[in-house]
Amino acid sequence: MPQLVPPDVAFLPMLPILLVLAGALISTLLGFWVSRRTLTAINIVTVILSGASMMYLWNRGLTSFAGSLQADNAAVLLGLTILVGTLMTLLVSLDTAWRERVSFPEFDAMMMYAVTGCLLIVFSGDLIIMLIGLEIMSLAGYVLATFQGSRRAEESGLKYFLLGAVGSATLIYGIAFVYGATGSLNYAAIAAKVGSVSNLTPDNAGILVGGSLLLLAGFGFKIALVPFHQWTPDVYSGTSTTTFLFLSTVIKVAAFAGMLRVFGGALHDAPGWTSVLQVLTAATLIIGNTAALLQVNFKRMLAYSAVAHTGFLAMCLLGTPELGGAALGYYLLVYTLMTGAALAVLAALQRTEAGFEISDMRGLYYRHPGYAIALSVCLASLAGLPPFAGFFGKYLAFQAAFQNGYVWISVLAAITSVAALIYYLRPAMLMFMPDRTPAREYLHGQRFPTTFTVGLGVAGITVLGILPNVWYSWVANPAIWQFLAGR
Amino acid sequence: MFDPQWLPTIMIFLPLLGSLLILITPNRWRDEVAGFMAAVTLGLGMMIWYAGGSGLLSLNWIPSLGITYSVELSGVSLALAMVTAFMSFIAVLYAARRIPNPGTMLALILAMETGLLGIFAARDLILFYVFFEDALLPSLLMLAIYGKAHRMRALVKFAAYTLFGSLLMLVSIIGVRYLGGSPTFALVDLKQHLVTGPAQTWLYIGFLTAMAVKLPLWPLHAWLPDFHEQNHDSGIPDVMGTLYKVGGYGLFTFAIPLFPDASLELRPILMGLAAFTALYSAWIAFGQKDWKRLLAYAGLSHMGFVALGVFSLNETAVIGAMYLLAFQNLYTGALFLSVGMVQERIGSLDTRVGGLMTGAGALGGMTMALWFASIAVPGFAGFIGEFSVLLGAYQVSPWLAFVAGLTVIAAAAYALTAFQTTFWQSRPLGGVVVRDLVHTEWLILGLPLAVAIFFGVYSAPALNLMQPAVKSVLAALGGN
């Protein structure tokens with residue numbers, strides 16, 4: 001008679017996820033009785049508690065479900081980044097959700113479900129957990145994008161759903177291939193099986209290559225890698241700005257974390273995917289940056305800038321896991337802070353959900369000096385100008401790619417950065433130009449939570465720019481990234 | 001006793017502190033705060049000079065990336081920093097009087113001073129890059145806030161050129177350390193781990209692109225005239241802008257020691273480009289009808305000389321180039337301010353107004369003296385620089401020295417023609433009464449002129465400061 005083996009369930013490593021899930025469940029259930037603002041406050045508390053529990057898990061290397069869920073240091077660092085983005089979204093939504101017509105409890109519930117999914121990806125130890133996380137995240141994301149009852153939002157939500165579903169399907173297909181090639185879904189087992197390129201253990205290397213390319217395409221949809229980026233500008237600029245903030249920071253961080261787990265860990269030695277990824281990265285850098293250059297709407301420009309940043313972030317994946325992981329860990333936090341703060345300013349000032357035209361920004365400095373300075377700091381950081389943290393993010397990405405032999409892509413990134421500088425600079429400089437037209441209308445927007453979010457972001461990118469060690473010394477330890485697949 | 005190694009750091013960040021302080025000072029005290037900060041910074045520079053330069057201060061900034069905070073002010077860098085501090089003080093002095101409600105401008109001047117001093121003091125490549133980009137932000141803001149109608153185009157052009165170069169430089173910087181295998185980005189370490197072979201040439205080209213844009217060297221100069229033309233009439237942003245020409249310095253301090261073989265290899269091409277830039281821009285300057293564009297091209301021509309000196313890798317020429325680089329800021333900067341004064345009086349920057357001399361004799365006299373300095377009349381600092389460059393370049397390539405030498409004649413032509421049509425000739429009918437120099441304006445033009453004359457007549461202090469530095473840099477070439 002076969003022995004019944006009880007599953008290895010440890011709750012401690014799951015605690016951060018469970019806390020966020022609790023927030024989601026509370027929002028779902030209490031939504032009938034309590035106002036949304038109260039729920040948002042509760043969610044902020046659960047997010048902070050979740051962050052605290054992650055810090056408790058630091059250096060413990062706990063696992064659950066026999067390694068399918070791993071709370072290693074990489075998970076903690078990327079999870080904290082996700083929580084920072086979530087916190088910024090929640091704070092901004094306190095002020096703007098009502099105006100954006102998404103002020104109902106479901107908004108908070110969906111967001112917290114999405115974060116639960118994101119954290120599952122980050123903590124994943126095998127492809128199934130990753131897929132579950134990804135699906136929870138994506139489904140909640142589709143709903144979020146559609147929430148605001150407008151034609152634009154419906155269109156963007158539908159687009160997001162259809163293309164996202166294709167992405168998910170591709171991803172699942174890829175998982176099946178990888179399973180077929182290696183006989184396992186566990187990252188560590190896959191990595192052990194794949195071994196190194198020279199002595200590839202699976203006989204069916206072709207299937208492995210096919211699987212990893214399908215996985216790459218699936219992830220490409222989620223992180224908006226060209227040519228899978230088509231939905232991004234429409235979805236980001238079609239939804240409410242708060243949702244844009246959430247989708248472009250939290251979801252992207254989670255998708256990159258998943259890629260890091262899969263490609264930096266499990267499939268790192270698999271053949272083929274790097275050469276495809278470098279071509280896609282190059283295309284992303286070129287198309288993202290040049291398309292952003294042509295935008296006249298500020299929100300749409302930020303949407304394309306998110307695509308362009310995908311290119312820079314993907315360069316980190318081309319590095320070795322030690323360098324690339326560290327670079328990605330630093331860059332993702334900085335990206336979250338700067339994008340979050342820029343969108344928070346936009347959310348506070350825009351009149352309609354379409355954002356405003358870039359030319360409307362003329363003279364902003366003379367009407368809202370604080371926001372104008374904050375926004376220009378964010379834009380300078382996004383452009384990669386020191387002393388702001390975006391510079392070190394870019395630098396680390398260049399370095400990771402360069403040291404792994406991708407010199408040409410570093411040079412290409414440098415050249416496309418010039419386009420990036422121009423489209424970030426134009427609005428930033430317009431803000432400081434005196435405006436001779438009659439006063440433009442901006443919303444007053446100066447409510448405490450938004451201002452606090454903006455302050456948090458700006459302080460973050462300034463401090464991390466002048467003293468990158470504050471965060472980089474945590475992520476720089478190569479030991480963290482050596483065991484992305486688990487051990 | 002206080003450790004003098006920290007003096008450069010204080011000197012670098014004091015203006016930035018002042019700039020932040022201005023934002024919270026009440027309006028009526030802003031001029032005084034800015035002036036005080038600029039004066040103290042200059043005083044600190046004097047202290048360092050008196051002590052014979054500071055030692056190298058090196059701290060670990062980001063140990064995990066091998067990035068250090070290494071600063072040193074000595075030799076050439078000290079001379080350039082002193083001139084920067086001096087001209088910033090002059091700019092503050094003028095801005096306080098000329099610009100209504102000057103708080104923002106003063107803050108930007110001081111912020112930019114920090115960037116420039118940092119560039120000259122940095123002895124770590126990443127730190128150098130950081131300051132290199134930092135100096136960009138205030139200058140862009142000056143252009144955006146105080147510029148003229150077409151500033152957006154000028155701004156985008158300027159930023160695009162600059163960033164294009166400096167991002168390639170960033171890739172080169174990564175390459176220099178990675179391919180050379182140096183533990184840190186500090187210049188000391190990098191010098192001991194040089195990259196060799198063709199990789200060095202490629203990295204040099206990446207580095208050179210940034211410096212050529214900043215210098216600027218033909219054909220990467222197109223941003224410069226627009227940048228100056230669209231800036232505020234007073235010429236204050238231009239003073240900071242001329243200080244911005246850190247290309248020659250960067251080549252000297254970083255490019256020669258780090259890429260010795262490549263700089264020897266590319267020497268003929270680069271010298272040719274430099275000589276062409278000098279002559280070509282002097283020729284273009286001759287055709288300009290706007291004082292600011294004229295001065296921009298004149299500055300470009302001087303920078304061609306600087307580049308010729310640096311690229312020739314000859315000791316005399318390099319010293320001359322550094323001398324020119326340092327003191328060119330004085331008279332070109334002061335000329336921009338004098339043009340600003342002319343504009344303030346007659347409301348035009350045209351070079352053909354005529355008859356200014358009747359009302360404003362002192363302004364005309366000062367301007368003429370500054371022009372003499374600019375076209376390298378003996379007795380002014382410019383002469384020593386240009387003469388040394390030509391002398392040194394002649395030993396390397398007589399023909400190119402000859403071509404560059406023609407520039408001196410061209411310079412006299414454009415400078416004196418423009419001066420003549422503005423200040424002499426007949427006074428236009430119905431012309432306004434032109435006020436002569438008043439109050440601090442005497443100091444604003446007089447002080448730089450006095451310094452230019454002093455170092456033109458008595459060059460020993462500056463030469464003694466620069467010579468050892470140049471010798472040690474050229475020693476990297478293996479006694480060429």
# chains A, B, ... in the order shown; residues from 1 in each chain; ligands from 1
>>> interface_residues(of="chain B", to="chain A", cutoff="7 Å", atoms="only C-alpha atoms", output="list in words")
Ile62, Ser64, Val130, Glu133, Asp134, Leu141, Ala144, Ile145, Val156, Ala160, Leu163, Phe164, Leu167, Leu168, Val171, Ile174 and Tyr178 of chain B
>>> residues_around(residues="segment 69-72 of chain A", least_positions_apart="4", cutoff="12 Å", atoms="only C-alpha atoms", output="PyMOL selection string")
chain A and resi 8-17+53-65+76-79+119-130+132-133+186-188+261+479-487
>>> closest_residue(among="B:Phe276, B:Phe252, B:Trp283, B:Tyr414", to="Glu315 of chain B", atoms="only C-alpha atoms")
B:Phe252
>>> residues_around(residues="Gly52 of chain B", least_positions_apart="6", cutoff="10 Å", atoms="only C-alpha atoms", output="ChimeraX atom specification")
/B:46,73-75,78,465
>>> write_last_selection(atoms="N, CA and C atoms", output="PDB file, in the first residue's frame")
ATOM      1  N   MET B  46      41.454  80.226  -4.225  1.00  0.00           N
ATOM      2  CA  MET B  46      42.714  80.927  -3.923  1.00  0.00           C
ATOM      3  C   MET B  46      43.492  80.165  -2.855  1.00  0.00           C
ATOM      4  N   LEU B  73      42.119  69.017  -7.004  1.00  0.00           N
ATOM      5  CA  LEU B  73      42.283  70.251  -7.767  1.00  0.00           C
ATOM      6  C   LEU B  73      43.743  70.614  -7.746  1.00  0.00           C
ATOM      7  N   SER B  74      44.406  70.433  -8.864  1.00  0.00           N
ATOM      8  CA  SER B  74      45.808  70.826  -8.942  1.00  0.00           C
ATOM      9  C   SER B  74      46.124  71.015 -10.412  1.00  0.00           C
ATOM     10  N   GLY B  75      47.182  71.746 -10.644  1.00  0.00           N
ATOM     11  CA  GLY B  75      47.621  71.938 -12.014  1.00  0.00           C
ATOM     12  C   GLY B  75      46.553  72.546 -12.899  1.00  0.00           C
ATOM     13  N   LEU B  78      43.043  73.003 -11.466  1.00  0.00           N
ATOM     14  CA  LEU B  78      42.904  74.114 -10.529  1.00  0.00           C
ATOM     15  C   LEU B  78      42.780  75.433 -11.286  1.00  0.00           C
ATOM     16  N   LEU B 465      51.947  76.383 -12.703  1.00  0.00           N
ATOM     17  CA  LEU B 465      50.882  75.516 -12.211  1.00  0.00           C
ATOM     18  C   LEU B 465      50.607  74.397 -13.216  1.00  0.00           C
TER      19      LEU B 465
END
>>> select_by_dssp(residues="segment 1-99 of chain B", states="strand (DSSP E or B)", output="ChimeraX atom specification")
/B:57-62,67-71
>>> residues_around(residues="Ile48 of chain A", least_positions_apart="4", cutoff="10 Å", atoms="only C-alpha atoms", output="list in words")
Pro16, Leu19, Val20, Ile42, Asn43, Ile44, Ala52, Ser53, Met54, Leu80, Leu83, Val84 and Leu87 of chain A
>>> write_last_selection(atoms="all heavy atoms", output="CSV table (one decimal), in the first residue's frame")
chain,number,residue,atom,x,y,z
A,16,PRO,N,3.5,37.0,3.1
A,16,PRO,CA,3.3,38.3,2.4
A,16,PRO,C,2.1,38.2,1.4
A,16,PRO,O,1.3,39.1,1.2
A,16,PRO,CB,4.6,38.5,1.7
A,16,PRO,CG,5.6,37.7,2.4
A,16,PRO,CD,4.9,36.5,3.0
A,19,LEU,N,-1.3,38.0,3.2
A,19,LEU,CA,-1.7,39.3,3.7
A,19,LEU,C,-2.4,40.1,2.7
A,19,LEU,O,-3.4,40.7,2.9
A,19,LEU,CB,-0.5,40.0,4.3
A,19,LEU,CG,-0.1,39.6,5.7
A,19,LEU,CD1,1.3,40.2,6.1
A,19,LEU,CD2,-1.1,40.1,6.7
A,20,VAL,N,-1.7,40.1,1.5
A,20,VAL,CA,-2.3,40.9,0.4
A,20,VAL,C,-3.7,40.3,0.0
A,20,VAL,O,-4.6,41.0,-0.3
A,20,VAL,CB,-1.3,40.9,-0.8
A,20,VAL,CG1,-2.0,41.6,-2.0
A,20,VAL,CG2,-0.1,41.7,-0.4
A,42,ILE,N,-7.5,50.3,4.6
A,42,ILE,CA,-7.2,49.0,5.1
A,42,ILE,C,-6.2,48.3,4.2
A,42,ILE,O,-5.2,47.7,4.7
A,42,ILE,CB,-8.5,48.1,5.1
A,42,ILE,CG1,-9.5,48.7,6.2
A,42,ILE,CG2,-8.2,46.7,5.4
A,42,ILE,CD1,-10.8,48.0,6.2
A,43,ASN,N,-6.3,48.5,2.9
A,43,ASN,CA,-5.4,47.9,2.0
A,43,ASN,C,-4.0,48.4,2.1
A,43,ASN,O,-3.0,47.7,2.0
A,43,ASN,CB,-5.9,48.1,0.5
A,43,ASN,CG,-7.0,47.1,0.2
A,43,ASN,OD1,-7.1,46.0,0.8
A,43,ASN,ND2,-7.9,47.5,-0.6
A,44,ILE,N,-3.9,49.7,2.4
A,44,ILE,CA,-2.6,50.3,2.6
A,44,ILE,C,-1.9,49.6,3.8
A,44,ILE,O,-0.7,49.3,3.8
A,44,ILE,CB,-2.7,51.8,2.8
A,44,ILE,CG1,-3.1,52.5,1.5
A,44,ILE,CG2,-1.4,52.4,3.4
A,44,ILE,CD1,-3.3,54.0,1.6
A,52,ALA,N,6.4,44.3,5.7
A,52,ALA,CA,7.1,44.0,7.0
A,52,ALA,C,7.4,42.5,7.0
A,52,ALA,O,8.5,42.0,7.4
A,52,ALA,CB,6.3,44.4,8.2
A,53,SER,N,6.4,41.7,6.6
A,53,SER,CA,6.6,40.2,6.7
A,53,SER,C,7.7,39.8,5.7
A,53,SER,O,8.5,38.9,6.0
A,53,SER,CB,5.3,39.5,6.4
A,53,SER,OG,4.9,39.7,5.1
A,54,MET,N,7.8,40.5,4.6
A,54,MET,CA,8.9,40.2,3.6
A,54,MET,C,10.2,40.5,4.2
A,54,MET,O,11.2,39.7,4.1
A,54,MET,CB,8.7,41.0,2.4
A,54,MET,CG,7.8,40.4,1.4
A,54,MET,SD,7.9,41.3,-0.1
A,54,MET,CE,6.3,41.0,-0.8
A,80,LEU,N,9.2,43.6,-2.6
A,80,LEU,CA,9.1,44.9,-2.0
A,80,LEU,C,8.9,46.0,-3.1
A,80,LEU,O,8.1,47.0,-2.9
A,80,LEU,CB,10.4,45.2,-1.3
A,80,LEU,CG,10.5,44.5,0.1
A,80,LEU,CD1,11.9,44.8,0.7
A,80,LEU,CD2,9.4,45.1,1.1
A,83,LEU,N,5.3,46.1,-3.9
A,83,LEU,CA,4.5,46.7,-2.9
A,83,LEU,C,4.7,48.2,-2.9
A,83,LEU,O,3.7,48.9,-2.7
A,83,LEU,CB,4.9,46.2,-1.5
A,83,LEU,CG,4.6,44.7,-1.3
A,83,LEU,CD1,4.9,44.3,0.1
A,83,LEU,CD2,3.1,44.4,-1.6
A,84,VAL,N,5.9,48.7,-3.3
A,84,VAL,CA,6.0,50.2,-3.4
A,84,VAL,C,5.1,50.7,-4.5
A,84,VAL,O,4.4,51.7,-4.3
A,84,VAL,CB,7.5,50.5,-3.7
A,84,VAL,CG1,7.6,52.0,-4.1
A,84,VAL,CG2,8.4,50.2,-2.5
A,87,LEU,N,1.5,50.6,-3.2
A,87,LEU,CA,1.3,51.7,-2.3
A,87,LEU,C,1.1,53.0,-3.0
A,87,LEU,O,0.2,53.8,-2.6
A,87,LEU,CB,2.5,51.7,-1.3
A,87,LEU,CG,2.3,52.5,0.0
A,87,LEU,CD1,1.3,51.7,0.8
A,87,LEU,CD2,3.6,52.5,0.8
>>> select_by_dssp(residues="segment 54-253 of chain A", states="helix (DSSP H, G or I)", output="PyMOL selection string")
chain A and resi 54-57+65-67+73-96+105-123+127-146+151-182+187-194+205-223+231-238+241-253
